[in-house]
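Peer 1: Pasting a structure below so you can have a look.
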Amino acid sequence: MTHAHLTSLVLSLLLLIFIVIRQKQGKTIKVWHMVLRSSYLLIIATGFMLFMSAYSIPMSYYLKAIMGIVMIGLFEMVIVRKQKGKATDVLWITFSIVLVILLAMGFTLPQGIDLLK
Ligand code: HEM
């Protein structure tokens, strides 16, 4: 399941990069934005399954899930703000920080790839 979770988040990140490039080129993003939104469902579904597969759910899992949802919110915010022509610099910094925290948490928590092993 960790592989499915990783695959869906890599897919979302690639779609985000693609969408941001299209926005910079002034092209329409409507369909790709919808595809990206469906990929969030995959992240949430696989994340939820990982969450439920823990024998007893540790506090770190709740934090991981909350940060995961915040991350998805940030995906949306950077796209929508850019679409409105507003500044996204601070958002991108927040985006990067939350992403690094999530990757660090994901790869040090017990399931899947564990960098602490
Ligand atoms: C874009 C948002 C997200 C990112 C970037 C992310 C990132 C990651 C990464 C890198 C892993 C480690 C996978 C592995 O070890 O192979 C992971 C595991 C996990 N994620 Fe996420 N995730 C996100 C969203 C979510 C959400 C929304 C939830 C909950 C609903 C969630 C719950 C979990 C759980 C429970 C694990 C297993 C932790 C463990 O290794 O023991 N994630 N995530």
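Following the order of the structure tokens, chains are lettered A, B, ..., residues in each are numbered from 1, and ligands are numbered from 1.
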For chain A versus ligand 1, which residues have an atom no more than 9 Å away, and what is each residue's nearest atom pair and distance in Å rounded to one decimal, using only C-alpha atoms and all ligand atoms, chain-then-number order, as a tab-separated table?

Peer 2:
residue	atom	partner	partner_atom_place_in_ligand_line	distance
A:Met1	CA	ligand 1	16 (O)	8.2
A:Thr2	CA	ligand 1	16 (O)	4.5
A:His3	CA	ligand 1	16 (O)	5.8
A:Ala4	CA	ligand 1	16 (O)	8.7
A:His5	CA	ligand 1	43 (N)	6.5
A:Leu6	CA	ligand 1	13 (C)	5.7
A:Ser8	CA	ligand 1	1 (C)	8.6
A:Leu9	CA	ligand 1	1 (C)	5.6
A:Val10	CA	ligand 1	5 (C)	8.1
A:Ser12	CA	ligand 1	1 (C)	7.5
A:Leu13	CA	ligand 1	1 (C)	8.0
A:Tyr40	CA	ligand 1	1 (C)	7.5
A:Leu41	CA	ligand 1	27 (C)	8.7
A:Ile43	CA	ligand 1	24 (C)	5.6
A:Ile44	CA	ligand 1	27 (C)	4.3
A:Ala45	CA	ligand 1	30 (C)	6.7
A:Thr46	CA	ligand 1	31 (C)	7.3
A:Gly47	CA	ligand 1	31 (C)	3.6
A:Phe48	CA	ligand 1	30 (C)	4.1
A:Met49	CA	ligand 1	35 (C)	7.2
A:Leu50	CA	ligand 1	35 (C)	4.3
A:Phe51	CA	ligand 1	35 (C)	3.6
A:Met52	CA	ligand 1	35 (C)	7.3
A:Ser53	CA	ligand 1	35 (C)	7.9
A:Ala54	CA	ligand 1	41 (O)	7.6
A:Ile57	CA	ligand 1	35 (C)	8.8
A:Ser60	CA	ligand 1	38 (C)	8.6
A:Tyr61	CA	ligand 1	35 (C)	5.4
A:Tyr62	CA	ligand 1	29 (C)	7.8
A:Leu63	CA	ligand 1	32 (C)	8.8
A:Lys64	CA	ligand 1	32 (C)	5.6
A:Ala65	CA	ligand 1	29 (C)	3.7
A:Ile66	CA	ligand 1	27 (C)	6.9
A:Met67	CA	ligand 1	24 (C)	7.1
A:Gly68	CA	ligand 1	24 (C)	3.5
A:Ile69	CA	ligand 1	27 (C)	4.7
A:Val70	CA	ligand 1	2 (C)	7.7
A:Met71	CA	ligand 1	1 (C)	5.1
A:Ile72	CA	ligand 1	1 (C)	5.3
A:Gly73	CA	ligand 1	1 (C)	8.9
A:Leu74	CA	ligand 1	1 (C)	8.9
A:Phe75	CA	ligand 1	1 (C)	7.9
A:Val98	CA	ligand 1	5 (C)	8.3
A:Leu99	CA	ligand 1	5 (C)	5.6
A:Val100	CA	ligand 1	5 (C)	8.2
A:Ile101	CA	ligand 1	5 (C)	8.8
A:Leu102	CA	ligand 1	7 (C)	5.2
A:Leu103	CA	ligand 1	10 (C)	4.2
A:Ala104	CA	ligand 1	10 (C)	7.1
A:Met105	CA	ligand 1	11 (C)	7.0
A:Gly106	CA	ligand 1	11 (C)	3.4
A:Phe107	CA	ligand 1	15 (O)	4.6
A:Thr108	CA	ligand 1	40 (O)	6.4
A:Leu109	CA	ligand 1	41 (O)	4.0
A:Pro110	CA	ligand 1	41 (O)	3.9
A:Gln111	CA	ligand 1	40 (O)	3.5
A:Gly112	CA	ligand 1	15 (O)	3.6
A:Ile113	CA	ligand 1	15 (O)	3.7
A:Asp114	CA	ligand 1	15 (O)	5.8
A:Leu115	CA	ligand 1	15 (O)	8.4

Peer 1: Can you tell me, as a list in words, what residues are no more than 12 Å from Gly85 of chain A when counting only C-alpha atoms, ignoring any on the same chain fewer than 4 positions away?

Peer 2: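 My list of contacting residues is Gln23, Lys24, Gly26, Val78, Ile79, Val80, Arg81 and Asp89 of chain A.
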
Peer 1: I need the residues in chain A that are alpha helix (DSSP H) according to DSSP; give them as a VMD selection string.

Peer 2: chain A and resid 2 to 24 30 to 52 59 to 83 89 to 108

Peer 1: Give me a file of those residues, with C-alpha atoms, as a PDB file, in the first residue's frame.

Peer 2:
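Below is the file result-v9.pdb, written as the result:
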ATOM      1  CA  THR A   2       2.926   2.344   0.638  1.00  0.00           C
ATOM      2  CA  HIS A   3       3.823   1.910  -3.043  1.00  0.00           C
ATOM      3  CA  ALA A   4       0.347   2.946  -4.148  1.00  0.00           C
ATOM      4  CA  HIS A   5       0.564   5.953  -1.792  1.00  0.00           C
ATOM      5  CA  LEU A   6       3.974   6.924  -3.186  1.00  0.00           C
ATOM      6  CA  THR A   7       2.829   6.432  -6.783  1.00  0.00           C
ATOM      7  CA  SER A   8      -0.216   8.633  -6.291  1.00  0.00           C
ATOM      8  CA  LEU A   9       1.773  11.416  -4.667  1.00  0.00           C
ATOM      9  CA  VAL A  10       4.444  11.322  -7.389  1.00  0.00           C
ATOM     10  CA  LEU A  11       1.618  11.455  -9.961  1.00  0.00           C
ATOM     11  CA  SER A  12       0.117  14.487  -8.185  1.00  0.00           C
ATOM     12  CA  LEU A  13       3.476  16.275  -8.014  1.00  0.00           C
ATOM     13  CA  LEU A  14       4.080  15.674 -11.738  1.00  0.00           C
ATOM     14  CA  LEU A  15       0.593  16.924 -12.563  1.00  0.00           C
ATOM     15  CA  LEU A  16       1.170  20.019 -10.420  1.00  0.00           C
ATOM     16  CA  ILE A  17       4.448  20.794 -12.244  1.00  0.00           C
ATOM     17  CA  PHE A  18       2.691  20.288 -15.585  1.00  0.00           C
ATOM     18  CA  ILE A  19      -0.187  22.568 -14.555  1.00  0.00           C
ATOM     19  CA  VAL A  20       2.137  25.326 -13.294  1.00  0.00           C
ATOM     20  CA  ILE A  21       4.056  25.219 -16.604  1.00  0.00           C
ATOM     21  CA  ARG A  22       0.775  25.490 -18.519  1.00  0.00           C
ATOM     22  CA  GLN A  23      -0.278  28.423 -16.325  1.00  0.00           C
ATOM     23  CA  LYS A  24       3.031  30.167 -17.086  1.00  0.00           C
ATOM     24  CA  LYS A  30      -9.277  23.107 -16.454  1.00  0.00           C
ATOM     25  CA  VAL A  31      -9.118  19.438 -17.474  1.00  0.00           C
ATOM     26  CA  TRP A  32      -5.675  18.856 -15.927  1.00  0.00           C
ATOM     27  CA  HIS A  33      -6.832  20.491 -12.712  1.00  0.00           C
ATOM     28  CA  MET A  34      -9.704  18.002 -12.581  1.00  0.00           C
ATOM     29  CA  VAL A  35      -7.286  15.107 -13.195  1.00  0.00           C
ATOM     30  CA  LEU A  36      -5.082  16.432 -10.373  1.00  0.00           C
ATOM     31  CA  ARG A  37      -8.085  16.644  -8.075  1.00  0.00           C
ATOM     32  CA  SER A  38      -8.904  12.996  -8.761  1.00  0.00           C
ATOM     33  CA  SER A  39      -5.330  12.062  -7.900  1.00  0.00           C
ATOM     34  CA  TYR A  40      -5.859  13.654  -4.460  1.00  0.00           C
ATOM     35  CA  LEU A  41      -8.535  11.014  -3.883  1.00  0.00           C
ATOM     36  CA  LEU A  42      -5.917   8.319  -4.508  1.00  0.00           C
ATOM     37  CA  ILE A  43      -3.514   9.929  -2.027  1.00  0.00           C
ATOM     38  CA  ILE A  44      -6.242  10.232   0.604  1.00  0.00           C
ATOM     39  CA  ALA A  45      -7.607   6.695   0.008  1.00  0.00           C
ATOM     40  CA  THR A  46      -4.156   5.041   0.145  1.00  0.00           C
ATOM     41  CA  GLY A  47      -3.132   7.243   3.102  1.00  0.00           C
ATOM     42  CA  PHE A  48      -6.322   6.276   4.926  1.00  0.00           C
ATOM     43  CA  MET A  49      -5.687   2.571   4.276  1.00  0.00           C
ATOM     44  CA  LEU A  50      -2.141   2.908   5.647  1.00  0.00           C
ATOM     45  CA  PHE A  51      -3.566   4.766   8.623  1.00  0.00           C
ATOM     46  CA  MET A  52      -6.074   2.006   9.338  1.00  0.00           C
ATOM     47  CA  MET A  59      -0.028  10.061  17.514  1.00  0.00           C
ATOM     48  CA  SER A  60       2.470  10.504  14.676  1.00  0.00           C
ATOM     49  CA  TYR A  61      -0.050   8.930  12.282  1.00  0.00           C
ATOM     50  CA  TYR A  62      -2.660  11.570  13.166  1.00  0.00           C
ATOM     51  CA  LEU A  63      -0.044  14.274  12.577  1.00  0.00           C
ATOM     52  CA  LYS A  64       0.972  12.658   9.284  1.00  0.00           C
ATOM     53  CA  ALA A  65      -2.654  12.532   8.117  1.00  0.00           C
ATOM     54  CA  ILE A  66      -3.314  16.183   9.099  1.00  0.00           C
ATOM     55  CA  MET A  67      -0.130  17.340   7.358  1.00  0.00           C
ATOM     56  CA  GLY A  68      -1.145  15.267   4.302  1.00  0.00           C
ATOM     57  CA  ILE A  69      -4.495  17.056   4.109  1.00  0.00           C
ATOM     58  CA  VAL A  70      -2.757  20.453   4.610  1.00  0.00           C
ATOM     59  CA  MET A  71      -0.385  19.525   1.755  1.00  0.00           C
ATOM     60  CA  ILE A  72      -3.312  18.870  -0.558  1.00  0.00           C
ATOM     61  CA  GLY A  73      -4.780  22.235   0.476  1.00  0.00           C
ATOM     62  CA  LEU A  74      -1.476  23.866  -0.505  1.00  0.00           C
ATOM     63  CA  PHE A  75      -1.569  22.130  -3.915  1.00  0.00           C
ATOM     64  CA  GLU A  76      -4.936  23.783  -4.486  1.00  0.00           C
ATOM     65  CA  MET A  77      -3.902  27.165  -3.110  1.00  0.00           C
ATOM     66  CA  VAL A  78      -0.835  27.558  -5.337  1.00  0.00           C
ATOM     67  CA  ILE A  79      -2.862  26.739  -8.441  1.00  0.00           C
ATOM     68  CA  VAL A  80      -5.868  28.911  -7.606  1.00  0.00           C
ATOM     69  CA  ARG A  81      -3.801  31.924  -6.476  1.00  0.00           C
ATOM     70  CA  LYS A  82      -1.631  31.721  -9.579  1.00  0.00           C
ATOM     71  CA  GLN A  83      -4.776  31.494 -11.696  1.00  0.00           C
ATOM     72  CA  ASP A  89       6.101  33.068  -3.357  1.00  0.00           C
ATOM     73  CA  VAL A  90       5.221  32.611   0.321  1.00  0.00           C
ATOM     74  CA  LEU A  91       2.893  29.745  -0.582  1.00  0.00           C
ATOM     75  CA  TRP A  92       5.661  27.932  -2.472  1.00  0.00           C
ATOM     76  CA  ILE A  93       7.971  28.274   0.536  1.00  0.00           C
ATOM     77  CA  THR A  94       5.256  26.847   2.810  1.00  0.00           C
ATOM     78  CA  PHE A  95       4.585  24.143   0.212  1.00  0.00           C
ATOM     79  CA  SER A  96       8.259  23.083   0.188  1.00  0.00           C
ATOM     80  CA  ILE A  97       8.541  23.054   3.978  1.00  0.00           C
ATOM     81  CA  VAL A  98       5.378  20.954   4.435  1.00  0.00           C
ATOM     82  CA  LEU A  99       6.486  18.580   1.649  1.00  0.00           C
ATOM     83  CA  VAL A 100       9.911  18.023   3.249  1.00  0.00           C
ATOM     84  CA  ILE A 101       8.287  17.412   6.663  1.00  0.00           C
ATOM     85  CA  LEU A 102       5.844  14.935   5.103  1.00  0.00           C
ATOM     86  CA  LEU A 103       8.554  13.048   3.227  1.00  0.00           C
ATOM     87  CA  ALA A 104      10.679  12.905   6.383  1.00  0.00           C
ATOM     88  CA  MET A 105       7.715  11.646   8.428  1.00  0.00           C
ATOM     89  CA  GLY A 106       6.604   9.151   5.777  1.00  0.00           C
ATOM     90  CA  PHE A 107      10.052   7.668   5.354  1.00  0.00           C
ATOM     91  CA  THR A 108      10.787   7.399   9.072  1.00  0.00           C
TER      92      THR A 108
END
